[in-house]
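Chemist: My structure is stored as coords26.cif, with mmCIF, C-alpha atoms.
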data_protein
loop_
_atom_site.group_PDB
_atom_site.id
_atom_site.type_symbol
_atom_site.label_atom_id
_atom_site.label_comp_id
_atom_site.auth_asym_id
_atom_site.auth_seq_id
_atom_site.Cartn_x
_atom_site.Cartn_y
_atom_site.Cartn_z
ATOM 1 C CA MET A 208 81.935 0.082 76.268
ATOM 2 C CA ASN A 209 79.772 -2.249 78.301
ATOM 3 C CA LEU A 210 76.520 -0.692 79.446
ATOM 4 C CA SER A 211 74.968 -1.377 82.816
ATOM 5 C CA PHE A 212 71.247 -1.370 83.428
ATOM 6 C CA PHE A 213 71.438 2.143 84.834
ATOM 7 C CA ASP A 214 72.854 3.641 81.685
ATOM 8 C CA GLN A 215 69.383 4.055 80.189
ATOM 9 C CA PHE A 216 68.995 6.979 82.595
ATOM 10 C CA THR A 217 71.964 9.026 81.423
ATOM 11 C CA SER A 218 70.697 12.321 80.059
ATOM 12 C CA PRO A 219 71.066 11.809 76.299
ATOM 13 C CA CYS A 220 73.500 14.045 74.507
ATOM 14 C CA LEU A 221 74.243 14.091 70.775
ATOM 15 C CA LEU A 222 77.302 15.991 69.546
ATOM 16 C CA GLY A 223 77.195 18.069 72.702
ATOM 17 C CA ILE A 224 73.503 18.962 72.301
ATOM 18 C CA PRO A 225 71.404 17.757 75.244
ATOM 19 C CA LEU A 226 68.462 15.860 73.833
ATOM 20 C CA ILE A 227 66.444 15.935 77.038
ATOM 21 C CA LEU A 228 64.994 19.184 75.743
ATOM 22 C CA LEU A 229 63.275 17.225 72.963
ATOM 23 C CA SER A 230 61.702 14.825 75.470
ATOM 24 C CA MET A 231 60.427 17.788 77.470
ATOM 25 C CA LEU A 232 59.087 19.688 74.481
ATOM 26 C CA PHE A 233 57.331 16.733 72.842
ATOM 27 C CA PRO A 234 54.288 16.646 75.188
ATOM 28 C CA ALA A 235 53.427 20.138 74.026
ATOM 29 C CA LEU A 236 52.926 18.742 70.536
ATOM 30 C CA LEU A 237 50.266 16.399 71.869
ATOM 31 C CA LEU A 238 48.172 19.256 73.257
ATOM 32 C CA PRO A 239 46.468 20.867 70.245
ATOM 33 C CA THR A 240 45.750 24.574 70.553
ATOM 34 C CA PRO A 241 42.020 24.927 70.068
ATOM 35 C CA ASP A 242 40.596 27.105 67.322
ATOM 36 C CA ASN A 243 38.426 30.020 68.301
ATOM 37 C CA ARG A 244 35.341 28.053 67.250
ATOM 38 C CA TRP A 245 33.031 26.780 69.928
ATOM 39 C CA ILE A 246 33.306 23.164 68.784
ATOM 40 C CA THR A 247 36.405 22.024 66.889
ATOM 41 C CA ASN A 248 37.178 18.304 66.640
ATOM 42 C CA ARG A 249 36.930 15.234 68.855
ATOM 43 C CA PHE A 250 40.495 15.427 70.069
ATOM 44 C CA ALA A 251 40.153 19.033 71.205
ATOM 45 C CA THR A 252 36.848 18.237 72.906
ATOM 46 C CA LEU A 253 38.378 15.294 74.727
ATOM 47 C CA GLN A 254 41.349 17.425 75.759
ATOM 48 C CA LEU A 255 39.002 20.074 77.122
ATOM 49 C CA TRP A 256 36.897 17.533 78.974
ATOM 50 C CA PHE A 257 39.962 15.874 80.493
ATOM 51 C CA SER A 258 41.611 19.083 81.641
ATOM 52 C CA HIS A 259 38.354 20.210 83.246
ATOM 53 C CA LEU A 260 37.986 16.864 84.948
ATOM 54 C CA ILE A 261 41.440 17.309 86.466
ATOM 55 C CA THR A 262 40.785 20.933 87.422
ATOM 56 C CA LYS A 263 37.493 20.141 89.112
ATOM 57 C CA GLN A 264 39.046 17.226 90.968
ATOM 58 C CA LEU A 265 41.931 19.351 92.256
ATOM 59 C CA MET A 266 40.008 22.541 93.000
ATOM 60 C CA THR A 267 37.035 21.082 94.873
ATOM 61 C CA PRO A 268 38.764 20.843 98.273
ATOM 62 C CA LEU A 269 40.371 24.280 97.942
ATOM 63 C CA ASN A 270 38.872 27.567 99.055
ATOM 64 C CA LYS A 271 38.382 30.511 96.709
ATOM 65 C CA ALA A 272 41.917 31.813 97.165
ATOM 66 C CA GLY A 273 43.274 28.413 96.245
ATOM 67 C CA HIS A 274 41.574 28.542 92.880
ATOM 68 C CA LYS A 275 44.290 30.917 91.719
ATOM 69 C CA TRP A 276 46.526 27.849 91.609
ATOM 70 C CA ALA A 277 44.291 26.098 89.056
ATOM 71 C CA LEU A 278 46.528 26.794 86.061
ATOM 72 C CA ILE A 279 49.727 25.809 87.860
ATOM 73 C CA LEU A 280 48.353 22.516 89.153
ATOM 74 C CA THR A 281 46.423 21.483 86.043
ATOM 75 C CA SER A 282 49.282 22.243 83.654
ATOM 76 C CA LEU A 283 51.727 20.443 85.964
ATOM 77 C CA MET A 284 49.443 17.424 85.955
ATOM 78 C CA MET A 285 49.151 17.376 82.149
ATOM 79 C CA PHE A 286 52.915 17.870 81.769
ATOM 80 C CA LEU A 287 53.877 15.039 84.129
ATOM 81 C CA LEU A 288 51.176 12.712 82.833
ATOM 82 C CA LEU A 289 52.267 13.089 79.235
ATOM 83 C CA ILE A 290 55.976 12.807 80.038
ATOM 84 C CA ASN A 291 55.449 9.665 82.121
ATOM 85 C CA LEU A 292 53.246 7.976 79.543
ATOM 86 C CA LEU A 293 55.478 8.855 76.599
ATOM 87 C CA GLY A 294 58.430 7.347 78.444
ATOM 88 C CA LEU A 295 56.831 3.924 78.221
ATOM 89 C CA LEU A 296 57.190 3.847 74.448
ATOM 90 C CA PRO A 297 60.269 2.028 73.184
ATOM 91 C CA TYR A 298 63.398 4.085 72.535
ATOM 92 C CA THR A 299 62.090 7.135 74.406
ATOM 93 C CA PHE A 300 63.697 8.961 77.290
ATOM 94 C CA THR A 301 61.691 9.902 80.371
ATOM 95 C CA PRO A 302 62.837 13.225 81.816
ATOM 96 C CA THR A 303 61.003 12.509 85.070
ATOM 97 C CA THR A 304 63.499 9.756 85.857
ATOM 98 C CA GLN A 305 65.955 12.582 86.419
ATOM 99 C CA LEU A 306 66.105 13.681 90.032
ATOM 100 C CA SER A 307 67.108 17.144 88.824
ATOM 101 C CA MET A 308 63.810 17.717 87.025
ATOM 102 C CA ASN A 309 61.618 16.398 89.815
ATOM 103 C CA MET A 310 63.425 18.344 92.510
ATOM 104 C CA ALA A 311 63.313 21.446 90.301
ATOM 105 C CA LEU A 312 59.535 21.109 90.120
ATOM 106 C CA ALA A 313 58.870 19.925 93.672
ATOM 107 C CA PHE A 314 61.064 22.233 95.729
ATOM 108 C CA PRO A 315 59.921 25.655 94.435
ATOM 109 C CA LEU A 316 56.265 24.657 94.361
ATOM 110 C CA TRP A 317 56.375 23.292 97.912
ATOM 111 C CA LEU A 318 58.249 26.385 99.059
ATOM 112 C CA ALA A 319 55.595 28.544 97.372
ATOM 113 C CA THR A 320 52.838 26.831 99.355
ATOM 114 C CA LEU A 321 54.815 27.180 102.575
ATOM 115 C CA LEU A 322 55.617 30.862 102.055
ATOM 116 C CA THR A 323 51.995 31.587 101.073
ATOM 117 C CA GLY A 324 50.907 30.129 104.371
ATOM 118 C CA LEU A 325 53.575 31.798 106.457
ATOM 119 C CA ARG A 326 52.949 35.149 104.847
ATOM 120 C CA ASN A 327 49.154 35.281 104.916
ATOM 121 C CA GLN A 328 48.284 33.235 107.967
ATOM 122 C CA PRO A 329 51.473 32.630 109.951
ATOM 123 C CA SER A 330 49.948 31.331 113.177
ATOM 124 C CA ALA A 331 47.575 28.986 111.368
ATOM 125 C CA SER A 332 50.429 27.600 109.256
ATOM 126 C CA LEU A 333 52.680 27.127 112.271
ATOM 127 C CA GLY A 334 49.742 25.620 114.119
ATOM 128 C CA HIS A 335 49.912 22.658 111.775
ATOM 129 C CA LEU A 336 53.139 21.690 113.500
ATOM 130 C CA LEU A 337 51.200 20.528 116.565
ATOM 131 C CA PRO A 338 48.233 18.192 116.104
ATOM 132 C CA GLU A 339 45.187 18.837 118.217
ATOM 133 C CA GLY A 340 44.760 16.927 121.412
ATOM 134 C CA THR A 341 48.424 16.152 121.977
ATOM 135 C CA PRO A 342 49.300 15.246 125.571
ATOM 136 C CA THR A 343 51.384 18.058 127.102
ATOM 137 C CA PRO A 344 54.609 16.110 127.778
ATOM 138 C CA LEU A 345 54.758 15.046 124.144
ATOM 139 C CA ILE A 346 54.533 18.578 122.744
ATOM 140 C CA PRO A 347 58.268 19.390 122.254
ATOM 141 C CA ALA A 348 59.024 16.044 120.631
ATOM 142 C CA LEU A 349 55.989 16.227 118.396
ATOM 143 C CA ILE A 350 56.804 19.742 117.215
ATOM 144 C CA MET A 351 60.260 18.557 116.158
ATOM 145 C CA ILE A 352 58.791 15.527 114.428
ATOM 146 C CA GLU A 353 56.235 17.612 112.570
ATOM 147 C CA THR A 354 58.905 20.151 111.546
ATOM 148 C CA THR A 355 61.072 17.354 110.179
ATOM 149 C CA SER A 356 58.134 15.913 108.291
ATOM 150 C CA LEU A 357 57.383 19.365 106.900
ATOM 151 C CA LEU A 358 60.937 19.983 105.747
ATOM 152 C CA ILE A 359 61.273 16.555 104.170
ATOM 153 C CA ARG A 360 58.197 17.068 101.973
ATOM 154 C CA PRO A 361 59.930 18.476 98.872
ATOM 155 C CA LEU A 362 62.557 15.747 99.004
ATOM 156 C CA ALA A 363 59.887 13.082 99.331
ATOM 157 C CA LEU A 364 57.863 14.617 96.520
ATOM 158 C CA GLY A 365 60.785 14.649 94.109
ATOM 159 C CA VAL A 366 62.301 11.331 95.083
ATOM 160 C CA ARG A 367 58.923 9.549 95.018
ATOM 161 C CA LEU A 368 58.360 10.385 91.375
ATOM 162 C CA THR A 369 61.975 9.690 90.397
ATOM 163 C CA ALA A 370 62.172 6.374 92.235
ATOM 164 C CA ASN A 371 58.844 5.076 90.964
ATOM 165 C CA LEU A 372 59.613 5.795 87.358
ATOM 166 C CA THR A 373 63.237 4.674 87.548
ATOM 167 C CA ALA A 374 62.269 1.399 89.218
ATOM 168 C CA GLY A 375 59.580 0.778 86.632
ATOM 169 C CA HIS A 376 61.892 1.341 83.706
ATOM 170 C CA LEU A 377 64.600 -0.787 85.290
ATOM 171 C CA LEU A 378 62.169 -3.660 85.830
ATOM 172 C CA ILE A 379 60.981 -3.462 82.251
ATOM 173 C CA GLN A 380 64.555 -3.586 80.998
ATOM 174 C CA LEU A 381 65.507 -6.453 83.315
ATOM 175 C CA ILE A 382 62.542 -8.626 82.414
ATOM 176 C CA SER A 383 62.845 -7.974 78.701
ATOM 177 C CA THR A 384 66.556 -8.876 78.932
ATOM 178 C CA ALA A 385 65.543 -12.085 80.684
ATOM 179 C CA THR A 386 62.970 -12.850 77.980
ATOM 180 C CA THR A 387 65.511 -12.349 75.210
ATOM 181 C CA ALA A 388 68.204 -14.311 76.993
ATOM 182 C CA LEU A 389 65.937 -17.268 77.717
ATOM 183 C CA LEU A 390 64.454 -17.486 74.224
ATOM 184 C CA PRO A 391 67.129 -19.807 72.703
ATOM 185 C CA LEU A 392 67.458 -21.805 75.929
ATOM 186 C CA ILE A 393 64.010 -22.483 77.420
ATOM 187 C CA PRO A 394 61.348 -20.952 75.123
ATOM 188 C CA ALA A 395 58.541 -21.926 77.469
ATOM 189 C CA VAL A 396 59.962 -19.908 80.358
ATOM 190 C CA SER A 397 60.727 -17.121 77.925
ATOM 191 C CA LEU A 398 57.039 -17.045 76.961
ATOM 192 C CA LEU A 399 56.082 -16.879 80.630
ATOM 193 C CA THR A 400 58.528 -14.026 81.149
ATOM 194 C CA ALA A 401 57.051 -12.258 78.134
ATOM 195 C CA SER A 402 53.594 -12.462 79.690
ATOM 196 C CA ILE A 403 55.048 -11.063 82.928
ATOM 197 C CA LEU A 404 56.517 -8.261 80.851
ATOM 198 C CA LEU A 405 53.096 -7.514 79.380
ATOM 199 C CA LEU A 406 51.522 -7.346 82.832
ATOM 200 C CA LEU A 407 54.382 -5.183 84.073
ATOM 201 C CA THR A 408 53.923 -2.765 81.186
ATOM 202 C CA LEU A 409 50.250 -2.414 82.061
ATOM 203 C CA LEU A 410 51.258 -1.774 85.669
ATOM 204 C CA GLU A 411 53.751 0.844 84.531
ATOM 205 C CA VAL A 412 51.065 2.643 82.560
ATOM 206 C CA ALA A 413 48.989 2.793 85.736
ATOM 207 C CA VAL A 414 51.989 3.876 87.808
ATOM 208 C CA ALA A 415 52.824 6.624 85.317
ATOM 209 C CA MET A 416 49.357 8.098 85.628
ATOM 210 C CA ILE A 417 49.069 7.591 89.369
ATOM 211 C CA GLN A 418 52.467 9.094 90.157
ATOM 212 C CA ALA A 419 51.708 12.221 88.154
ATOM 213 C CA TYR A 420 48.378 12.529 89.974
ATOM 214 C CA VAL A 421 49.926 11.915 93.410
ATOM 215 C CA PHE A 422 52.574 14.589 92.819
ATOM 216 C CA VAL A 423 49.981 17.222 91.995
ATOM 217 C CA LEU A 424 47.520 15.995 94.634
ATOM 218 C CA LEU A 425 50.106 16.278 97.400
ATOM 219 C CA LEU A 426 50.994 19.785 96.276
ATOM 220 C CA SER A 427 47.317 20.714 96.427
ATOM 221 C CA LEU A 428 47.116 19.195 99.910
ATOM 222 C CA TYR A 429 50.106 21.232 101.049
ATOM 223 C CA LEU A 430 48.362 24.229 99.546
ATOM 224 C CA GLN A 431 45.127 23.453 101.398
ATOM 225 C CA GLU A 432 46.924 23.660 104.714
ATOM 226 C CA ASN A 433 48.440 27.013 103.917
ATOM 227 C CA ILE A 434 45.915 29.054 101.989
ATOM 228 C CA MET B 262 73.589 6.205 89.184
ATOM 229 C CA PRO B 263 73.607 8.543 86.217
ATOM 230 C CA GLN B 264 70.815 10.697 87.630
ATOM 231 C CA LEU B 265 73.268 11.907 90.262
ATOM 232 C CA ASN B 266 75.714 13.238 87.705
ATOM 233 C CA PRO B 267 75.761 16.961 88.524
ATOM 234 C CA ASN B 268 76.741 18.007 85.029
ATOM 235 C CA PRO B 269 73.329 18.418 83.380
ATOM 236 C CA TRP B 270 71.487 19.271 86.591
ATOM 237 C CA PHE B 271 71.257 23.020 86.090
ATOM 238 C CA PHE B 272 70.350 22.671 82.423
ATOM 239 C CA ILE B 273 67.594 20.159 83.179
ATOM 240 C CA MET B 274 66.208 22.283 86.009
ATOM 241 C CA LEU B 275 66.189 25.409 83.883
ATOM 242 C CA MET B 276 64.716 23.702 80.820
ATOM 243 C CA SER B 277 61.991 21.936 82.758
ATOM 244 C CA TRP B 278 60.807 25.245 84.262
ATOM 245 C CA LEU B 279 61.032 27.076 80.960
ATOM 246 C CA THR B 280 59.072 24.359 79.121
ATOM 247 C CA TYR B 281 56.511 24.128 81.883
ATOM 248 C CA SER B 282 55.920 27.859 82.294
ATOM 249 C CA LEU B 283 56.361 29.147 78.745
ATOM 250 C CA ILE B 284 54.893 26.340 76.658
ATOM 251 C CA ILE B 285 52.608 24.061 78.644
ATOM 252 C CA GLN B 286 50.893 26.739 80.733
ATOM 253 C CA PRO B 287 49.779 28.918 77.789
ATOM 254 C CA LYS B 288 48.443 25.808 76.040
ATOM 255 C CA ILE B 289 46.350 24.838 79.052
ATOM 256 C CA LEU B 290 45.285 28.461 79.521
ATOM 257 C CA SER B 291 43.899 28.511 75.972
ATOM 258 C CA LEU B 292 41.436 25.736 76.840
ATOM 259 C CA THR B 293 38.374 27.882 77.483
ATOM 260 C CA PRO B 294 35.470 26.167 79.196
ATOM 261 C CA THR B 295 32.138 26.043 77.372
ATOM 262 C CA ASN B 296 30.163 26.405 80.616
ATOM 263 C CA THR B 297 30.933 29.328 82.869
ATOM 264 C CA PRO B 298 31.974 28.018 86.275
ATOM 265 C CA SER B 299 29.479 28.808 89.023
ATOM 266 C CA ASN B 300 29.365 28.193 92.724
ATOM 267 C CA LYS B 301 25.692 27.330 92.761
ATOM 268 C CA THR B 302 24.725 23.789 93.686
ATOM 269 C CA SER B 303 22.149 22.343 91.329
ATOM 270 C CA THR B 304 18.675 22.076 92.793
ATOM 271 C CA THR B 305 16.991 18.759 92.250
ATOM 272 C CA THR B 306 13.463 18.916 90.922
ATOM 273 C CA LYS B 307 10.932 16.905 92.834
ATOM 274 C CA ALA B 308 9.531 14.145 90.678
ATOM 275 C CA THR B 309 5.758 14.202 90.621
ATOM 276 C CA SER B 310 4.125 10.813 90.405
ATOM 277 C CA TRP B 311 2.110 10.087 87.330
ATOM 278 C CA ALA B 312 0.019 7.159 86.307
ATOM 279 C CA TRP B 313 0.157 5.395 82.986
ATOM 280 C CA PRO B 314 -2.882 6.533 81.079
ATOM 281 C CA TRP B 315 -4.341 3.153 80.308
ATOM 282 C CA THR B 316 -6.911 3.612 77.663
#
Here is the file; what I need is its structure written in the form of structure tokens.
Modeler:
Amino acid sequence: MNLSFFDQFTSPCLLGIPLILLSMLFPALLLPTPDNRWITNRFATLQLWFSHLITKQLMTPLNKAGHKWALILTSLMMFLLLINLLGLLPYTFTPTTQLSMNMALAFPLWLATLLTGLRNQPSASLGHLLPEGTPTPLIPALIMIETTSLLIRPLALGVRLTANLTAGHLLIQLISTATTALLPLIPAVSLLTASILLLLTLLEVAVAMIQAYVFVLLLSLYLQENI
Amino acid sequence: MPQLNPNPWFFIMLMSWLTYSLIIQPKILSLTPTNTPSNKTSTTTKATSWAWPWT
């Protein structure tokens, strides 16, 4: 059967066993469980330093009650970061290109922030639907606009991650196909395309890290409004 | 677009939450900090001027 460029995103299945589980479980292998010694090895120290860097960065703008979310946000960040980066290796599958996974993570977490706000401080949470200093005639329209923007947040969160990673992987496949196809015809242009591919791969590494960070950062921002 | 195939959607959703909550979270939880977190801001010490003791 002829494959199209989108077929790299079909959830891999071998003899009826979905292999996406392997891609999701693999990042856990890259996070060593530390010993109960104070100092273990360089890798564990680096892991500790990095996770604390992330936690401090995410928790600084939050109040005390928001610090309960530290584990959720930090582990989500590590999970997405590792999945995105591992997907850039050849012959790997990136689960975060699947809309199902990103929506599964985005929707409940966004809903959790919303319900936390509505439950603990309902008028303050609803007050976010009307920015301060709005001219009176604009109030009804602006409330509807803000409600729409609130309700579209989980969709945007999930689709942003999916689209960024899917587009990146598609571009990599397209340009590498071009490089291979041009090699017997015009080797010079093929070399140029190969250098473009190198630059694109570097960009994709950056995008992988940034998109994971943006996902978690936006969730923490939604939390800030509601906690 | 194969991502829109509804067949593995429930499995992927379920597995992603199970992996995230049962495997990743305990691993991150086990990373104990070596400094206890405190809310105190560090006070800067005032630098006293000193002269090179030229002998």
Chemist: In Å, with one decimal, what is the gap from CA of Ala388 in chain A to CA of Leu404 in chain A?
Modeler: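 Calculated distance between CA of Ala388 in chain A and CA of Leu404 in chain A is 13.7 Å.
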Chemist: Just how far from CA of Leu357 in chain A is CA of Asn327 in chain A, in Å to one decimal?
Modeler: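 For CA of Asn327 in chain A relative to CA of Leu357 in chain A, the distance reads 18.0 Å.
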Chemist: Could the residues of chain B within 9 Å of chain A, counting only C-alpha atoms, be given as a PyMOL selection string, please?
Modeler: chain B and resi 262-267+269-278+280-282+284-295
Chemist: Store the residues picked out above in a file with C-alpha atoms, as an mmCIF file, keeping the file's coordinate frame.
Modeler:
data_model
loop_
_atom_site.group_PDB
_atom_site.id
_atom_site.type_symbol
_atom_site.label_atom_id
_atom_site.label_comp_id
_atom_site.auth_asym_id
_atom_site.auth_seq_id
_atom_site.Cartn_x
_atom_site.Cartn_y
_atom_site.Cartn_z
ATOM 1 C CA MET B 262 73.589 6.205 89.184
ATOM 2 C CA PRO B 263 73.607 8.543 86.217
ATOM 3 C CA GLN B 264 70.815 10.697 87.630
ATOM 4 C CA LEU B 265 73.268 11.907 90.262
ATOM 5 C CA ASN B 266 75.714 13.238 87.705
ATOM 6 C CA PRO B 267 75.761 16.961 88.524
ATOM 7 C CA PRO B 269 73.329 18.418 83.380
ATOM 8 C CA TRP B 270 71.487 19.271 86.591
ATOM 9 C CA PHE B 271 71.257 23.020 86.090
ATOM 10 C CA PHE B 272 70.350 22.671 82.423
ATOM 11 C CA ILE B 273 67.594 20.159 83.179
ATOM 12 C CA MET B 274 66.208 22.283 86.009
ATOM 13 C CA LEU B 275 66.189 25.409 83.883
ATOM 14 C CA MET B 276 64.716 23.702 80.820
ATOM 15 C CA SER B 277 61.991 21.936 82.758
ATOM 16 C CA TRP B 278 60.807 25.245 84.262
ATOM 17 C CA THR B 280 59.072 24.359 79.121
ATOM 18 C CA TYR B 281 56.511 24.128 81.883
ATOM 19 C CA SER B 282 55.920 27.859 82.294
ATOM 20 C CA ILE B 284 54.893 26.340 76.658
ATOM 21 C CA ILE B 285 52.608 24.061 78.644
ATOM 22 C CA GLN B 286 50.893 26.739 80.733
ATOM 23 C CA PRO B 287 49.779 28.918 77.789
ATOM 24 C CA LYS B 288 48.443 25.808 76.040
ATOM 25 C CA ILE B 289 46.350 24.838 79.052
ATOM 26 C CA LEU B 290 45.285 28.461 79.521
ATOM 27 C CA SER B 291 43.899 28.511 75.972
ATOM 28 C CA LEU B 292 41.436 25.736 76.840
ATOM 29 C CA THR B 293 38.374 27.882 77.483
ATOM 30 C CA PRO B 294 35.470 26.167 79.196
ATOM 31 C CA THR B 295 32.138 26.043 77.372
#
Chemist: Would you kindly return, as a list in words, each protein, DNA or RNA residue with an atom no farther than 12 Å from any atom of Leu406 in chain A, considering only C-alpha atoms and excluding same-chain residues fewer than 6 positions away?
Modeler: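 Listing them by chain and then by number gives Leu378, Ile379, Ile382, Leu399, Thr400, Val412 and Ala413 of chain A.
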Chemist: Kindly export the residues of the current selection with C-alpha atoms, as an mmCIF file, in the coordinates of the input.
Modeler:
data_model
loop_
_atom_site.group_PDB
_atom_site.id
_atom_site.type_symbol
_atom_site.label_atom_id
_atom_site.label_comp_id
_atom_site.auth_asym_id
_atom_site.auth_seq_id
_atom_site.Cartn_x
_atom_site.Cartn_y
_atom_site.Cartn_z
ATOM 1 C CA LEU A 378 62.169 -3.660 85.830
ATOM 2 C CA ILE A 379 60.981 -3.462 82.251
ATOM 3 C CA ILE A 382 62.542 -8.626 82.414
ATOM 4 C CA LEU A 399 56.082 -16.879 80.630
ATOM 5 C CA THR A 400 58.528 -14.026 81.149
ATOM 6 C CA VAL A 412 51.065 2.643 82.560
ATOM 7 C CA ALA A 413 48.989 2.793 85.736
#
Chemist: Between CA of Gln418 in chain A and CA of Pro298 in chain B, what is the distance, to one decimal in Å?
Modeler: 28.2 Å
Chemist: Can you pull out every residue within 7 Å of Ala313 in chain A, counting all atoms listed in the file, but drop anything in the same chain fewer than 5 positions away, and send it as number ranges by chain?
Modeler: A: 361, 364-365
Chemist: Excluding range 429-431 of chain A and any residue of its chain fewer than 2 positions from it, enumerate the residues within 10 Å of it, using all atoms listed in the file, and give them as a JSON list (two decimals) with C-alpha atoms, keeping the file's coordinate frame.
Modeler:
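Saved to part-v6.json:
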[["chain", "number", "residue", "atom", "x", "y", "z"],
["A", 266, "MET", "CA", 40.01, 22.54, 93.00],
["A", 268, "PRO", "CA", 38.76, 20.84, 98.27],
["A", 269, "LEU", "CA", 40.37, 24.28, 97.94],
["A", 270, "ASN", "CA", 38.87, 27.57, 99.06],
["A", 272, "ALA", "CA", 41.92, 31.81, 97.16],
["A", 273, "GLY", "CA", 43.27, 28.41, 96.24],
["A", 276, "TRP", "CA", 46.53, 27.85, 91.61],
["A", 316, "LEU", "CA", 56.26, 24.66, 94.36],
["A", 317, "TRP", "CA", 56.38, 23.29, 97.91],
["A", 318, "LEU", "CA", 58.25, 26.38, 99.06],
["A", 319, "ALA", "CA", 55.60, 28.54, 97.37],
["A", 320, "THR", "CA", 52.84, 26.83, 99.36],
["A", 321, "LEU", "CA", 54.82, 27.18, 102.58],
["A", 323, "THR", "CA", 52.00, 31.59, 101.07],
["A", 324, "GLY", "CA", 50.91, 30.13, 104.37],
["A", 357, "LEU", "CA", 57.38, 19.36, 106.90],
["A", 360, "ARG", "CA", 58.20, 17.07, 101.97],
["A", 423, "VAL", "CA", 49.98, 17.22, 92.00],
["A", 424, "LEU", "CA", 47.52, 16.00, 94.63],
["A", 425, "LEU", "CA", 50.11, 16.28, 97.40],
["A", 426, "LEU", "CA", 50.99, 19.78, 96.28],
["A", 427, "SER", "CA", 47.32, 20.71, 96.43],
["A", 433, "ASN", "CA", 48.44, 27.01, 103.92],
["A", 434, "ILE", "CA", 45.92, 29.05, 101.99]]
